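Coordinates as given in entry33.tsv (TSV, N, CA and C atoms):
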chain	number	residue	atom	x	y	z
P	714	GLN	N	11.89	19.82	10.33
P	714	GLN	CA	11.77	19.32	8.97
P	714	GLN	C	12.60	18.05	8.79
P	715	VAL	N	12.08	17.16	8.00
P	715	VAL	CA	12.80	15.94	7.61
P	715	VAL	C	12.83	15.89	6.09
P	716	GLN	N	14.00	15.75	5.53
P	716	GLN	CA	14.13	15.60	4.09
P	716	GLN	C	14.39	14.13	3.77
P	717	LEU	N	13.67	13.63	2.80
P	717	LEU	CA	13.77	12.23	2.41
P	717	LEU	C	14.15	12.12	0.94
P	718	VAL	N	15.14	11.29	0.64
P	718	VAL	CA	15.57	11.10	-0.73
P	718	VAL	C	15.65	9.61	-1.03
P	719	GLU	N	14.83	9.16	-1.97
P	719	GLU	CA	14.81	7.75	-2.37
P	719	GLU	C	15.83	7.49	-3.47
P	720	SER	N	16.29	6.25	-3.52
P	720	SER	CA	17.18	5.81	-4.59
P	720	SER	C	17.03	4.31	-4.76
P	721	GLY	N	17.57	3.80	-5.86
P	721	GLY	CA	17.57	2.36	-6.08
P	721	GLY	C	16.55	1.85	-7.08
P	722	GLY	N	15.70	2.73	-7.57
P	722	GLY	CA	14.73	2.30	-8.56
P	722	GLY	C	15.40	1.98	-9.89
P	723	GLY	N	14.62	1.38	-10.78
P	723	GLY	CA	15.16	1.05	-12.09
P	723	GLY	C	14.30	0.04	-12.81
P	724	LEU	N	14.85	-0.52	-13.87
P	724	LEU	CA	14.16	-1.51	-14.69
P	724	LEU	C	14.67	-2.91	-14.32
P	725	VAL	N	13.74	-3.81	-14.08
P	725	VAL	CA	14.10	-5.18	-13.72
P	725	VAL	C	13.11	-6.14	-14.38
P	726	GLN	N	13.56	-7.33	-14.67
P	726	GLN	CA	12.67	-8.33	-15.24
P	726	GLN	C	11.83	-8.98	-14.15
P	727	ALA	N	10.69	-9.47	-14.54
P	727	ALA	CA	9.82	-10.18	-13.61
P	727	ALA	C	10.59	-11.32	-12.95
P	728	GLY	N	10.41	-11.45	-11.64
P	728	GLY	CA	11.14	-12.45	-10.88
P	728	GLY	C	12.42	-11.93	-10.26
P	729	GLY	N	12.83	-10.76	-10.68
P	729	GLY	CA	14.06	-10.17	-10.18
P	729	GLY	C	13.88	-9.43	-8.87
P	730	SER	N	14.97	-8.79	-8.43
P	730	SER	CA	14.98	-8.10	-7.15
P	730	SER	C	15.55	-6.70	-7.29
P	731	LEU	N	15.12	-5.83	-6.40
P	731	LEU	CA	15.66	-4.48	-6.26
P	731	LEU	C	15.66	-4.13	-4.79
P	732	ARG	N	16.59	-3.28	-4.40
P	732	ARG	CA	16.57	-2.73	-3.05
P	732	ARG	C	16.51	-1.22	-3.14
P	733	LEU	N	15.45	-0.67	-2.58
P	733	LEU	CA	15.30	0.77	-2.51
P	733	LEU	C	15.87	1.28	-1.20
P	734	SER	N	16.42	2.48	-1.26
P	734	SER	CA	16.92	3.15	-0.07
P	734	SER	C	16.25	4.50	0.07
P	735	CYS	N	16.13	4.94	1.29
P	735	CYS	CA	15.58	6.27	1.58
P	735	CYS	C	16.47	6.91	2.64
P	736	ALA	N	17.20	7.92	2.24
P	736	ALA	CA	18.10	8.62	3.16
P	736	ALA	C	17.38	9.82	3.76
P	737	ALA	N	17.46	9.94	5.07
P	737	ALA	CA	16.77	11.02	5.77
P	737	ALA	C	17.77	11.99	6.36
P	738	SER	N	17.40	13.24	6.34
P	738	SER	CA	18.21	14.27	7.00
P	738	SER	C	17.26	15.23	7.69
P	739	GLY	N	17.82	16.00	8.59
P	739	GLY	CA	16.98	16.94	9.33
P	739	GLY	C	16.83	16.51	10.77
P	740	ARG	N	15.60	16.51	11.24
P	740	ARG	CA	15.36	16.16	12.63
P	740	ARG	C	15.66	14.69	12.91
P	741	THR	N	15.63	14.32	14.15
P	741	THR	CA	16.05	12.99	14.59
P	741	THR	C	15.28	11.89	13.86
P	742	PHE	N	16.01	11.14	13.07
P	742	PHE	CA	15.42	10.08	12.25
P	742	PHE	C	14.73	9.04	13.09
P	743	ASN	N	15.33	8.67	14.21
P	743	ASN	CA	14.76	7.57	14.98
P	743	ASN	C	13.57	7.99	15.83
P	744	SER	N	13.08	9.20	15.63
P	744	SER	CA	11.82	9.61	16.25
P	744	SER	C	10.63	9.26	15.37
P	745	TYR	N	10.90	8.80	14.15
P	745	TYR	CA	9.85	8.62	13.17
P	745	TYR	C	9.69	7.17	12.76
P	746	ALA	N	8.44	6.73	12.65
P	746	ALA	CA	8.17	5.51	11.90
P	746	ALA	C	8.35	5.84	10.43
P	747	MET	N	8.73	4.85	9.67
P	747	MET	CA	8.97	5.05	8.24
P	747	MET	C	8.11	4.10	7.42
P	748	ALA	N	7.71	4.56	6.27
P	748	ALA	CA	6.84	3.75	5.42
P	748	ALA	C	7.21	3.91	3.96
P	749	TRP	N	6.79	2.94	3.17
P	749	TRP	CA	6.87	3.02	1.72
P	749	TRP	C	5.45	2.94	1.15
P	750	PHE	N	5.21	3.79	0.19
P	750	PHE	CA	3.98	3.76	-0.59
P	750	PHE	C	4.37	3.68	-2.06
P	751	ARG	N	3.41	3.36	-2.89
P	751	ARG	CA	3.68	3.36	-4.33
P	751	ARG	C	2.45	3.85	-5.08
P	752	GLN	N	2.69	4.36	-6.27
P	752	GLN	CA	1.60	4.83	-7.11
P	752	GLN	C	1.89	4.44	-8.55
P	753	ALA	N	1.03	3.61	-9.08
P	753	ALA	CA	1.13	3.19	-10.47
P	753	ALA	C	0.38	4.20	-11.34
P	754	PRO	N	0.71	4.27	-12.62
P	754	PRO	CA	0.02	5.22	-13.52
P	754	PRO	C	-1.48	5.01	-13.51
P	755	GLY	N	-2.20	6.09	-13.30
P	755	GLY	CA	-3.66	6.03	-13.32
P	755	GLY	C	-4.30	5.42	-12.09
P	756	LYS	N	-3.49	5.13	-11.07
P	756	LYS	CA	-4.04	4.51	-9.87
P	756	LYS	C	-3.76	5.37	-8.64
P	757	GLU	N	-4.47	5.08	-7.56
P	757	GLU	CA	-4.25	5.79	-6.32
P	757	GLU	C	-2.99	5.30	-5.63
P	758	ARG	N	-2.46	6.15	-4.77
P	758	ARG	CA	-1.29	5.77	-4.00
P	758	ARG	C	-1.65	4.61	-3.06
P	759	GLU	N	-0.73	3.66	-2.94
P	759	GLU	CA	-0.99	2.42	-2.21
P	759	GLU	C	0.07	2.20	-1.14
P	760	PHE	N	-0.35	1.79	0.05
P	760	PHE	CA	0.57	1.46	1.13
P	760	PHE	C	1.32	0.18	0.79
P	761	VAL	N	2.63	0.16	1.07
P	761	VAL	CA	3.48	-0.99	0.75
P	761	VAL	C	4.09	-1.62	1.99
P	762	ALA	N	4.59	-0.79	2.91
P	762	ALA	CA	5.25	-1.33	4.09
P	762	ALA	C	5.45	-0.22	5.11
P	763	THR	N	5.53	-0.61	6.39
P	763	THR	CA	5.84	0.35	7.43
P	763	THR	C	6.73	-0.32	8.47
P	764	ILE	N	7.51	0.51	9.17
P	764	ILE	CA	8.39	0.02	10.23
P	764	ILE	C	8.40	1.03	11.35
P	765	SER	N	8.33	0.57	12.57
P	765	SER	CA	8.34	1.46	13.73
P	765	SER	C	9.72	2.09	13.90
P	766	TRP	N	9.80	3.09	14.76
P	766	TRP	CA	11.06	3.80	14.94
P	766	TRP	C	12.15	2.87	15.44
P	767	SER	N	11.77	1.88	16.26
P	767	SER	CA	12.76	0.95	16.81
P	767	SER	C	13.05	-0.22	15.88
P	768	GLY	N	12.20	-0.42	14.90
P	768	GLY	CA	12.36	-1.54	13.98
P	768	GLY	C	11.71	-2.83	14.43
P	769	ASP	N	11.04	-2.80	15.59
P	769	ASP	CA	10.48	-4.05	16.12
P	769	ASP	C	9.08	-4.35	15.59
P	770	PHE	N	8.50	-3.42	14.86
P	770	PHE	CA	7.19	-3.66	14.26
P	770	PHE	C	7.24	-3.34	12.78
P	771	THR	N	6.78	-4.29	11.99
P	771	THR	CA	6.65	-4.07	10.55
P	771	THR	C	5.29	-4.60	10.11
P	772	TYR	N	4.84	-4.06	8.99
P	772	TYR	CA	3.53	-4.51	8.47
P	772	TYR	C	3.51	-4.34	6.97
P	773	TYR	N	2.86	-5.30	6.31
P	773	TYR	CA	2.76	-5.29	4.85
P	773	TYR	C	1.35	-5.67	4.42
P	774	PRO	N	0.89	-5.14	3.31
P	774	PRO	CA	-0.37	-5.62	2.76
P	774	PRO	C	-0.15	-6.99	2.10
P	775	ASP	N	-1.23	-7.69	1.86
P	775	ASP	CA	-1.12	-9.02	1.27
P	775	ASP	C	-0.45	-9.01	-0.10
P	776	SER	N	-0.58	-7.89	-0.81
P	776	SER	CA	-0.04	-7.81	-2.16
P	776	SER	C	1.48	-7.95	-2.22
P	777	VAL	N	2.16	-7.63	-1.13
P	777	VAL	CA	3.63	-7.70	-1.12
P	777	VAL	C	4.18	-8.59	-0.02
P	778	LYS	N	3.33	-9.05	0.88
P	778	LYS	CA	3.78	-9.86	2.01
P	778	LYS	C	4.50	-11.11	1.52
P	779	GLY	N	5.66	-11.37	2.11
P	779	GLY	CA	6.46	-12.52	1.71
P	779	GLY	C	7.44	-12.23	0.59
P	780	ARG	N	7.26	-11.10	-0.08
P	780	ARG	CA	8.16	-10.71	-1.18
P	780	ARG	C	8.99	-9.47	-0.84
P	781	PHE	N	8.40	-8.56	-0.09
P	781	PHE	CA	9.07	-7.30	0.25
P	781	PHE	C	9.46	-7.32	1.73
P	782	THR	N	10.58	-6.67	2.04
P	782	THR	CA	11.02	-6.54	3.43
P	782	THR	C	11.49	-5.11	3.68
P	783	ILE	N	10.93	-4.50	4.70
P	783	ILE	CA	11.36	-3.16	5.09
P	783	ILE	C	12.31	-3.28	6.27
P	784	SER	N	13.33	-2.44	6.28
P	784	SER	CA	14.29	-2.43	7.38
P	784	SER	C	14.82	-1.01	7.53
P	785	ARG	N	15.50	-0.77	8.64
P	785	ARG	CA	16.06	0.56	8.84
P	785	ARG	C	17.38	0.46	9.59
P	786	ASP	N	18.22	1.44	9.35
P	786	ASP	CA	19.49	1.58	10.05
P	786	ASP	C	19.50	2.99	10.63
P	787	ASN	N	19.19	3.10	11.89
P	787	ASN	CA	19.08	4.43	12.51
P	787	ASN	C	20.44	5.12	12.60
P	788	ALA	N	21.51	4.37	12.64
P	788	ALA	CA	22.83	4.98	12.67
P	788	ALA	C	23.16	5.66	11.34
P	789	LYS	N	22.55	5.17	10.26
P	789	LYS	CA	22.78	5.74	8.93
P	789	LYS	C	21.62	6.60	8.45
P	790	ASN	N	20.60	6.74	9.29
P	790	ASN	CA	19.42	7.54	8.92
P	790	ASN	C	18.83	7.05	7.59
P	791	THR	N	18.72	5.75	7.46
P	791	THR	CA	18.28	5.19	6.19
P	791	THR	C	17.27	4.07	6.42
P	792	VAL	N	16.27	4.03	5.56
P	792	VAL	CA	15.31	2.93	5.55
P	792	VAL	C	15.40	2.26	4.19
P	793	TYR	N	15.19	0.95	4.19
P	793	TYR	CA	15.35	0.16	2.98
P	793	TYR	C	14.07	-0.59	2.65
P	794	LEU	N	13.91	-0.91	1.39
P	794	LEU	CA	12.83	-1.80	0.97
P	794	LEU	C	13.44	-2.82	0.02
P	795	GLN	N	13.60	-4.04	0.52
P	795	GLN	CA	14.09	-5.13	-0.32
P	795	GLN	C	12.90	-5.76	-1.02
P	796	MET	N	12.95	-5.79	-2.34
P	796	MET	CA	11.83	-6.29	-3.13
P	796	MET	C	12.31	-7.49	-3.94
P	797	ASN	N	11.73	-8.63	-3.66
P	797	ASN	CA	12.07	-9.88	-4.36
P	797	ASN	C	10.87	-10.38	-5.14
P	798	SER	N	11.13	-11.30	-6.05
P	798	SER	CA	10.07	-11.92	-6.86
P	798	SER	C	9.16	-10.86	-7.46
P	799	LEU	N	9.75	-9.86	-8.05
P	799	LEU	CA	8.98	-8.73	-8.57
P	799	LEU	C	8.07	-9.16	-9.71
P	800	LYS	N	6.92	-8.51	-9.77
P	800	LYS	CA	5.91	-8.78	-10.78
P	800	LYS	C	5.65	-7.51	-11.59
P	801	PRO	N	5.17	-7.63	-12.80
P	801	PRO	CA	4.85	-6.42	-13.58
P	801	PRO	C	3.89	-5.49	-12.84
P	802	GLU	N	2.99	-6.03	-12.05
P	802	GLU	CA	2.06	-5.17	-11.31
P	802	GLU	C	2.71	-4.42	-10.17
P	803	ASP	N	3.98	-4.67	-9.89
P	803	ASP	CA	4.72	-3.87	-8.91
P	803	ASP	C	5.27	-2.59	-9.52
P	804	THR	N	5.12	-2.44	-10.83
P	804	THR	CA	5.58	-1.22	-11.50
P	804	THR	C	4.87	0.00	-10.95
P	805	ALA	N	5.66	0.97	-10.48
P	805	ALA	CA	5.09	2.17	-9.86
P	805	ALA	C	6.22	3.11	-9.46
P	806	VAL	N	5.83	4.31	-9.09
P	806	VAL	CA	6.75	5.21	-8.40
P	806	VAL	C	6.64	4.89	-6.91
P	807	TYR	N	7.77	4.64	-6.29
P	807	TYR	CA	7.80	4.28	-4.87
P	807	TYR	C	8.24	5.49	-4.06
P	808	PHE	N	7.47	5.78	-3.03
P	808	PHE	CA	7.70	6.93	-2.17
P	808	PHE	C	8.03	6.48	-0.75
P	809	CYS	N	8.98	7.16	-0.17
P	809	CYS	CA	9.33	6.99	1.23
P	809	CYS	C	8.59	8.07	2.03
P	810	ALA	N	8.13	7.71	3.22
P	810	ALA	CA	7.41	8.67	4.06
P	810	ALA	C	7.79	8.48	5.52
P	811	ALA	N	7.71	9.58	6.27
P	811	ALA	CA	8.03	9.57	7.70
P	811	ALA	C	6.80	9.98	8.48
P	812	GLU	N	6.56	9.28	9.58
P	812	GLU	CA	5.42	9.56	10.43
P	812	GLU	C	5.87	9.72	11.87
P	813	ARG	N	5.46	10.83	12.46
P	813	ARG	CA	5.73	11.06	13.88
P	813	ARG	C	4.63	10.36	14.67
P	814	VAL	N	4.94	9.19	15.21
P	814	VAL	CA	3.96	8.41	15.95
P	814	VAL	C	4.01	8.80	17.42
P	815	VAL	N	2.92	9.37	17.90
P	815	VAL	CA	2.88	9.82	19.29
P	815	VAL	C	2.64	8.64	20.23
P	816	ALA	N	1.73	7.76	19.83
P	816	ALA	CA	1.42	6.59	20.64
P	816	ALA	C	0.91	5.49	19.73
P	817	GLY	N	1.13	4.25	20.13
P	817	GLY	CA	0.62	3.12	19.37
P	817	GLY	C	1.50	2.79	18.18
P	818	ARG	N	0.93	2.06	17.26
P	818	ARG	CA	1.67	1.58	16.11
P	818	ARG	C	1.61	2.57	14.95
P	819	PRO	N	2.52	2.42	14.00
P	819	PRO	CA	2.48	3.32	12.83
P	819	PRO	C	1.16	3.18	12.08
P	820	SER	N	0.78	4.25	11.42
P	820	SER	CA	-0.41	4.23	10.59
P	820	SER	C	-0.11	3.54	9.27
P	821	LEU	N	-1.15	3.20	8.56
P	821	LEU	CA	-0.99	2.55	7.27
P	821	LEU	C	-1.58	3.40	6.14
P	822	VAL	N	-1.84	4.67	6.44
P	822	VAL	CA	-2.52	5.53	5.49
P	822	VAL	C	-1.66	6.73	5.15
P	823	ASP	N	-1.77	7.18	3.91
P	823	ASP	CA	-0.88	8.26	3.46
P	823	ASP	C	-1.15	9.58	4.14
P	824	TYR	N	-2.41	9.84	4.52
P	824	TYR	CA	-2.71	11.14	5.10
P	824	TYR	C	-2.14	11.31	6.51
P	825	ALA	N	-1.65	10.22	7.10
P	825	ALA	CA	-1.05	10.32	8.43
P	825	ALA	C	0.45	10.63	8.37
P	826	MET	N	1.03	10.57	7.18
P	826	MET	CA	2.46	10.81	7.05
P	826	MET	C	2.77	12.30	7.18
P	827	ASP	N	3.94	12.58	7.78
P	827	ASP	CA	4.33	13.96	8.00
P	827	ASP	C	5.28	14.49	6.92
P	828	TYR	N	6.08	13.61	6.36
P	828	TYR	CA	7.06	14.02	5.34
P	828	TYR	C	7.11	12.96	4.24
P	829	TRP	N	7.43	13.45	3.03
P	829	TRP	CA	7.49	12.57	1.86
P	829	TRP	C	8.74	12.84	1.05
P	830	GLY	N	9.25	11.78	0.43
P	830	GLY	CA	10.26	11.94	-0.58
P	830	GLY	C	9.61	12.18	-1.93
P	831	LYS	N	10.43	12.38	-2.95
P	831	LYS	CA	9.92	12.68	-4.28
P	831	LYS	C	9.67	11.42	-5.11
P	832	GLY	N	10.14	10.29	-4.63
P	832	GLY	CA	9.85	9.03	-5.30
P	832	GLY	C	10.95	8.53	-6.20
P	833	THR	N	10.92	7.23	-6.43
P	833	THR	CA	11.84	6.58	-7.36
P	833	THR	C	11.04	5.57	-8.18
P	834	LEU	N	11.30	5.53	-9.48
P	834	LEU	CA	10.50	4.70	-10.38
P	834	LEU	C	11.03	3.29	-10.44
P	835	VAL	N	10.12	2.34	-10.27
P	835	VAL	CA	10.43	0.92	-10.42
P	835	VAL	C	9.60	0.39	-11.58
P	836	THR	N	10.28	-0.19	-12.55
P	836	THR	CA	9.59	-0.76	-13.71
P	836	THR	C	9.95	-2.24	-13.81
P	837	VAL	N	8.93	-3.08	-13.80
P	837	VAL	CA	9.14	-4.52	-13.89
P	837	VAL	C	8.60	-5.00	-15.23
P	838	SER	N	9.48	-5.54	-16.04
P	838	SER	CA	9.08	-6.01	-17.37
P	838	SER	C	8.71	-7.48	-17.32
P	839	SER	N	7.78	-7.84	-18.19
P	839	SER	CA	7.31	-9.24	-18.21
P	839	SER	C	8.13	-10.09	-19.15

Transcribe the structure of this file into structure tokens.
Amino acid sequence: QVQLVESGGGLVQAGGSLRLSCAASGRTFNSYAMAWFRQAPGKEREFVATISWSGDFTYYPDSVKGRFTISRDNAKNTVYLQMNSLKPEDTAVYFCAAERVVAGRPSLVDYAMDYWGKGTLVTVSS
């Protein structure tokens, strides 16, 4: 089992920045690729970022590319999401997820994730 706890959400004005953290406990953290997803009210859950277990591969959708950065510190069992130039459309509950990647690159889909956190709310005001 892997337990994931997100933190760092809050209210920020458009153009501002936030850094989300996801602390992991349980089985070996560095065995897992880590990802962030988000879900806005009335919308489906959306992929935001992923990072391989070693940190050498990252991927972002066009909606956040150039504004968001995912990173991890395996010594601290923590993954981060630095969010800059925030827009009102970034408002959502942000979820951290862990994926046991057997081979190849991390997946970009929620159904491939093995563990989930409970989420942290990010609200961007205009």

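Distances from P:Thr833, P:Thr791, P:Gln752, P:Ser744 to Gly722 (chain P) were compared using only C-alpha atoms, and the smallest one belongs to P:Thr833.
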
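Atom C of Ser784 (chain P) sits 28.7 Å away from CA of Gly755 (chain P).
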
message: For a quick check of your reading of the model, name the residues lying within 7 Å of the coordinate (10.6, 5.1, -6.7), counting only N, CA and C atoms, and write them as a count of residues only.
response: 14

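Residues within 8 Å of Gly830 (chain P), counting only C-alpha atoms and excluding same-chain residues fewer than 4 positions away, are Gln716, Leu717, Val718, Glu719, Phe808, Cys809 and Ala810 of chain P.
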
Selected residue, from P:Phe760, P:Tyr828, P:Tyr773, P:Trp749, that lies nearest to Tyr793 (chain P) when counting only C-alpha atoms: P:Trp749

Box for region 735-749 of chain P - axis-aligned, 8 Å on each of the six sides, all listed atoms - centre and size in Å to one decimal, as lines of an AutoDock Vina configuration file.
center_x = 11.8
center_y = 9.9
center_z = 8.7
size_x = 28.8
size_y = 30.0
size_z = 31.1

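Within a radius of 9 Å around (16.2, -5.5, -10.7), the polymer residues are P:Gly722, P:Gly723, P:Leu724, P:Val725, P:Gln726, P:Ala727, P:Gly728, P:Gly729, P:Ser730, P:Leu731, P:Arg732, P:Met796, P:Asn797, P:Leu799, P:Val835, P:Thr836, P:Val837, counting only C-alpha atoms.
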
- prompt: Could you name the residues that touch Val792 (chain P) at 7 Å or less, counting all atoms listed in the file, but leaving out those on the same chain fewer than 4 positions away, as a PyMOL selection string?
  reply: chain P and resi 733-737+783-786

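Take atom C of Tyr824 (chain P) and atom C of Met747 (chain P): the distance between them is 12.6 Å.
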
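Backbone DSSP over region 774-839 of chain P yields strand (DSSP E or B) at P:Phe781, P:Thr782, P:Ile783, P:Ser784, P:Arg785, P:Asp786, P:Thr791, P:Val792, P:Tyr793, P:Leu794, P:Gln795, P:Met796, P:Ala805, P:Val806, P:Tyr807, P:Phe808, P:Cys809, P:Ala810, P:Ala811, P:Glu812, P:Tyr828, P:Trp829, P:Thr833, P:Leu834, P:Val835, P:Thr836, P:Val837, P:Ser838.
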
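With only N, CA and C atoms as the basis for measurement, P:Ser839 is the residue among P:Gly779, P:Ser839, P:Val815, P:Asn787 that approaches Pro801 (chain P) most closely.
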
message: Between atom N of Ala788 (chain P) and atom N of Asp769 (chain P), what is the distance in Å, rounded to a tenth?
response: 13.0 Å

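Distances from P:Leu794, P:Val715, P:Ile764, P:Ala753 to Ser820 (chain P) were compared using only C-alpha atoms, and the smallest one belongs to P:Ile764.
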
Could you please write out, as a PDB file with N, CA and C atoms, in the frame of the given file, every residue of chain P that DSSP assigns to helix (DSSP H, G or I)?
ATOM      1  N   PHE P 742      16.010  11.140  13.070  1.00  0.00           N
ATOM      2  CA  PHE P 742      15.420  10.080  12.250  1.00  0.00           C
ATOM      3  C   PHE P 742      14.730   9.040  13.090  1.00  0.00           C
ATOM      4  N   ASN P 743      15.330   8.670  14.210  1.00  0.00           N
ATOM      5  CA  ASN P 743      14.760   7.570  14.980  1.00  0.00           C
ATOM      6  C   ASN P 743      13.570   7.990  15.830  1.00  0.00           C
ATOM      7  N   SER P 744      13.080   9.200  15.630  1.00  0.00           N
ATOM      8  CA  SER P 744      11.820   9.610  16.250  1.00  0.00           C
ATOM      9  C   SER P 744      10.630   9.260  15.370  1.00  0.00           C
ATOM     10  N   PRO P 801       5.170  -7.630 -12.800  1.00  0.00           N
ATOM     11  CA  PRO P 801       4.850  -6.420 -13.580  1.00  0.00           C
ATOM     12  C   PRO P 801       3.890  -5.490 -12.840  1.00  0.00           C
ATOM     13  N   GLU P 802       2.990  -6.030 -12.050  1.00  0.00           N
ATOM     14  CA  GLU P 802       2.060  -5.170 -11.310  1.00  0.00           C
ATOM     15  C   GLU P 802       2.710  -4.420 -10.170  1.00  0.00           C
ATOM     16  N   ASP P 803       3.980  -4.670  -9.890  1.00  0.00           N
ATOM     17  CA  ASP P 803       4.720  -3.870  -8.910  1.00  0.00           C
ATOM     18  C   ASP P 803       5.270  -2.590  -9.520  1.00  0.00           C
ATOM     19  N   ASP P 823      -1.770   7.180   3.910  1.00  0.00           N
ATOM     20  CA  ASP P 823      -0.880   8.260   3.460  1.00  0.00           C
ATOM     21  C   ASP P 823      -1.150   9.580   4.140  1.00  0.00           C
ATOM     22  N   TYR P 824      -2.410   9.840   4.520  1.00  0.00           N
ATOM     23  CA  TYR P 824      -2.710  11.140   5.100  1.00  0.00           C
ATOM     24  C   TYR P 824      -2.140  11.310   6.510  1.00  0.00           C
ATOM     25  N   ALA P 825      -1.650  10.220   7.100  1.00  0.00           N
ATOM     26  CA  ALA P 825      -1.050  10.320   8.430  1.00  0.00           C
ATOM     27  C   ALA P 825       0.450  10.630   8.370  1.00  0.00           C
TER      28      ALA P 825
END

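Here the question is which of P:Ser838, P:Gln795, P:Thr771, P:Ser765 gets nearest to Ala816 (chain P) using only C-alpha atoms, and that residue is P:Ser765.
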
message: Env of Phe770 (chain P): 9 Å cut, atoms = only C-alpha atoms, seq-sep filter 6 positions within chain, self excluded. Answer as JSON, numbers by chain.
response: {"P": [763, 764, 818, 819]}
